[in-house]
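A.B. asks: One structure, as structure tokens, below. Some questions next.
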Amino acid sequence: MLPLRLLARSLGTGTALLLLASTALPQILATGDPRFVLPPFYPLICTVITAQFNTSQRATPPATDDTTRLQDALSSCTGTGRAVLLISSGSNDAFFSGTLAVSGEAVIVGYGVTLFGNNTYSGELLNVSGTNPAIMGPGTIDGRGDLISGTPRLIEAQGTTNFTVAYLTIEHSGKEHLYIEGGSGATVWNLNIATPANTKNTDGIDLDSLTDATVFASTINDGDDGVAIKTNSGPASNITVRGNKFYGTHGMSIGSQTMYGVTNVLWDDNQMFGTDQFGIVSSDNNGINIKSDYDCGGLVKQVTYRHTQLTGVKHLLVFNTYYGSCSGTPGIPYYQDIVVDGVVATDSQSGAYSEFEGYNAANPLGLYLANVNLDSTAQENSQYAVVGLDNSNITPSGPGVTTFDFYLRDPFF
């Protein structure tokens, strides 16, 4: 852990002095995933499967699909860490499948190949478990969520160890595109999510109740949160989200479920655009977004957003403890040691604002704003917050909101 040294520059009144003494103690910057994460290597090949269908059949999939032969191949490679490689054959460049189980092996969707979900899969298209599983490109997985009924996830991993998703395009999920719950050691590298912003609850990547995870150099278009960190079944910790581009999403998010606790999350060098790459504006146009409610609240601590660019966003900095009804275990949403260091907002959507909302006087938002330059400094719903300011052009204000000056010495440099 590296200390974030806070040095008072203005003690102010006696009240401010007491506040400084009680709140401006040495903080801890988030360090994120402690693993030394390198670009993923492709695993050795276990078996090769050739395509027998064409992408032109997307709207009307074949009645007899590839589910059985794909599952047989995957089962023959279970636990080996080796890959089932999907390749084209002449003009045939598509596979159509129901739910597939991946357990300790890899799927590589080859160049120019698309794996489609058929009309009948439910729950998820790829159900991942085990040690060292992987889903890799350079091809595409298309859930056909724009055509099928229901809301199945595209890829769901439960309790995995060292799960990798890399060099892949995924699109048109019925719900979350990539959902990882439990386990440890998840790497998402150079993933392209290509679903328009006007779709249903289609989070890009959900990291739920796991530890030691990295999302790197990915491009995310979807109809809900770009990346969401949550705690439906246990705590979430040691997570890095770095070098990504978000288009038309609902934000770089933590929550809404935080009841088991979120700690040590580093968001670094990310870009957020309010419009997706198809020209559609986000339906809930958030930038930095921590959200929860008493229905599913808990402690969120040691979170750092560094070097963030917001373009065309409406809700710039959102810290919301009254998000609305959410499923989970009741508890107070309590956000502490939240550091926003180096955020610039340009071309913000008309009516743009930020929100600094602690739960109550006993559980205030504990926030540090350093090197913040927003083109709109309007606020809504700000209350019960203790905020340190260093070179910030927005000053939170409202009932129970107190600010103080501090100096951020960034140990990353």
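Chain labels follow the order of the structure tokens: the first chain is A, the next B, and so on; residue numbering restarts at 1 in every chain, and ligands are counted from 1 in their shown order.
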List the spatial neighbours of Lys175 of chain A as a ChimeraX atom specification - criterion: any atom at most 6 Å away, only C-alpha atoms, same-chain residues fewer than 5 positions off excluded.

C.D. replies: /A:151-153,201-202

A.B. asks: May I have the residues within 9 Å of Pro34 of chain A as a list in words, using only C-alpha atoms and disregarding those fewer than 4 positions away in the same chain?

C.D. replies: Asp212, Ala213, Asn238, Ile239 and Thr240 of chain A

A.B. asks: Which one is closest to Ala166 of chain A: A:Leu126, A:Ile135, A:Ala101, A:Ile193? Count only C-alpha atoms.

C.D. replies: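 Selected residue with least distance to Ala166 of chain A: A:Ile135.
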
A.B. asks: Sorted by chain and rising residue number, which residues of segment 147-174 of chain A lie within 10 Å of segment 219-225 of chain A, and what are their closest atom pairs and distances in Å to one decimal, counting only C-alpha atoms, as JSON lines?

C.D. replies:
```
{"residue": "A:Thr169", "atom": "CA", "partner": "A:Thr219", "partner_atom": "CA", "distance": 9.4}
{"residue": "A:Ile170", "atom": "CA", "partner": "A:Ile220", "partner_atom": "CA", "distance": 9.7}
{"residue": "A:Glu171", "atom": "CA", "partner": "A:Asp222", "partner_atom": "CA", "distance": 8.5}
{"residue": "A:His172", "atom": "CA", "partner": "A:Asp222", "partner_atom": "CA", "distance": 8.6}
{"residue": "A:Ser173", "atom": "CA", "partner": "A:Asp222", "partner_atom": "CA", "distance": 9.1}
```

A.B. asks: Write out as a list in words the residues lying within 8 Å of Asp390 of chain A, counting only C-alpha atoms and excluding same-chain residues fewer than 4 positions away.

C.D. replies: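 Listed by chain and then number, they are Tyr368, Leu369, Ala370, Asn371, Asp405, Phe406, Tyr407 and Leu408 of chain A.
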
A.B. asks: Can you write just those residues out, N, CA and C atoms, as an mmCIF file, in the first residue's frame?

C.D. replies:
```cif
data_model
loop_
_atom_site.group_PDB
_atom_site.id
_atom_site.type_symbol
_atom_site.label_atom_id
_atom_site.label_comp_id
_atom_site.auth_asym_id
_atom_site.auth_seq_id
_atom_site.Cartn_x
_atom_site.Cartn_y
_atom_site.Cartn_z
ATOM 1 N N TYR A 368 -12.089 13.049 -1.941
ATOM 2 C CA TYR A 368 -10.992 13.964 -2.237
ATOM 3 C C TYR A 368 -11.002 14.260 -3.726
ATOM 4 N N LEU A 369 -11.075 15.546 -4.081
ATOM 5 C CA LEU A 369 -11.077 15.978 -5.476
ATOM 6 C C LEU A 369 -9.779 16.717 -5.764
ATOM 7 N N ALA A 370 -8.981 16.179 -6.660
ATOM 8 C CA ALA A 370 -7.708 16.800 -7.019
ATOM 9 C C ALA A 370 -7.613 16.920 -8.535
ATOM 10 N N ASN A 371 -7.199 18.093 -9.000
ATOM 11 C CA ASN A 371 -6.974 18.310 -10.431
ATOM 12 C C ASN A 371 -8.224 18.006 -11.245
ATOM 13 N N ASP A 405 -9.037 22.264 2.265
ATOM 14 C CA ASP A 405 -7.942 22.188 1.309
ATOM 15 C C ASP A 405 -6.977 21.076 1.716
ATOM 16 N N PHE A 406 -6.447 20.410 0.716
ATOM 17 C CA PHE A 406 -5.409 19.416 0.976
ATOM 18 C C PHE A 406 -4.469 19.410 -0.223
ATOM 19 N N TYR A 407 -3.386 18.700 -0.098
ATOM 20 C CA TYR A 407 -2.428 18.576 -1.184
ATOM 21 C C TYR A 407 -2.225 17.101 -1.493
ATOM 22 N N LEU A 408 -2.462 16.747 -2.758
ATOM 23 C CA LEU A 408 -2.292 15.365 -3.181
ATOM 24 C C LEU A 408 -0.887 15.178 -3.760
#
```

A.B. asks: List the neighbours of Phe273 of chain A out to 12 Å using only C-alpha atoms; skip same-chain residues closer than 5 positions along the sequence, and give me the result as a count of residues only.

C.D. replies: 38

A.B. asks: Output as a PyMOL selection string all residues of segment 60-278 of chain A that backbone DSSP marks as alpha helix (DSSP H).

C.D. replies: chain A and resi 67-76

A.B. asks: Take the selection from the previous step and output its residues with C-alpha atoms, as a tab-separated table (two decimals), in the first residue's frame.

C.D. replies:
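The resulting file, out-v5.tsv, is shown below:
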```
chain	number	residue	atom	x	y	z
A	67	THR	CA	-24.80	-27.26	-29.61
A	68	THR	CA	-24.07	-30.98	-29.35
A	69	ARG	CA	-20.86	-31.06	-31.34
A	70	LEU	CA	-19.51	-27.97	-29.60
A	71	GLN	CA	-20.34	-29.30	-26.14
A	72	ASP	CA	-18.81	-32.69	-26.98
A	73	ALA	CA	-15.59	-30.96	-28.02
A	74	LEU	CA	-15.53	-28.81	-24.89
A	75	SER	CA	-16.19	-31.79	-22.65
A	76	SER	CA	-13.33	-33.71	-24.23
```

A.B. asks: In terms of the shortest atom-to-atom distance over only C-alpha atoms, which of A:Val215, A:Val113, A:Ala157, A:Val386 is closest to Gly137 of chain A?

C.D. replies: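 Closest to Gly137 of chain A, using only C-alpha atoms: A:Val113.
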
A.B. asks: Name the residues of segment 205-397 of chain A that fall into strand (DSSP E or B) according to DSSP on the backbone, using the chain letters and numbers of this document, as a PyMOL selection string.

C.D. replies: chain A and resi 205-208+211-216+219-221+227-230+236-242+245-247+252-254+262-268+271-273+275+281+286-291+299-311+315-320+334-346+353-357+360+363+365-373+379+383+385-392
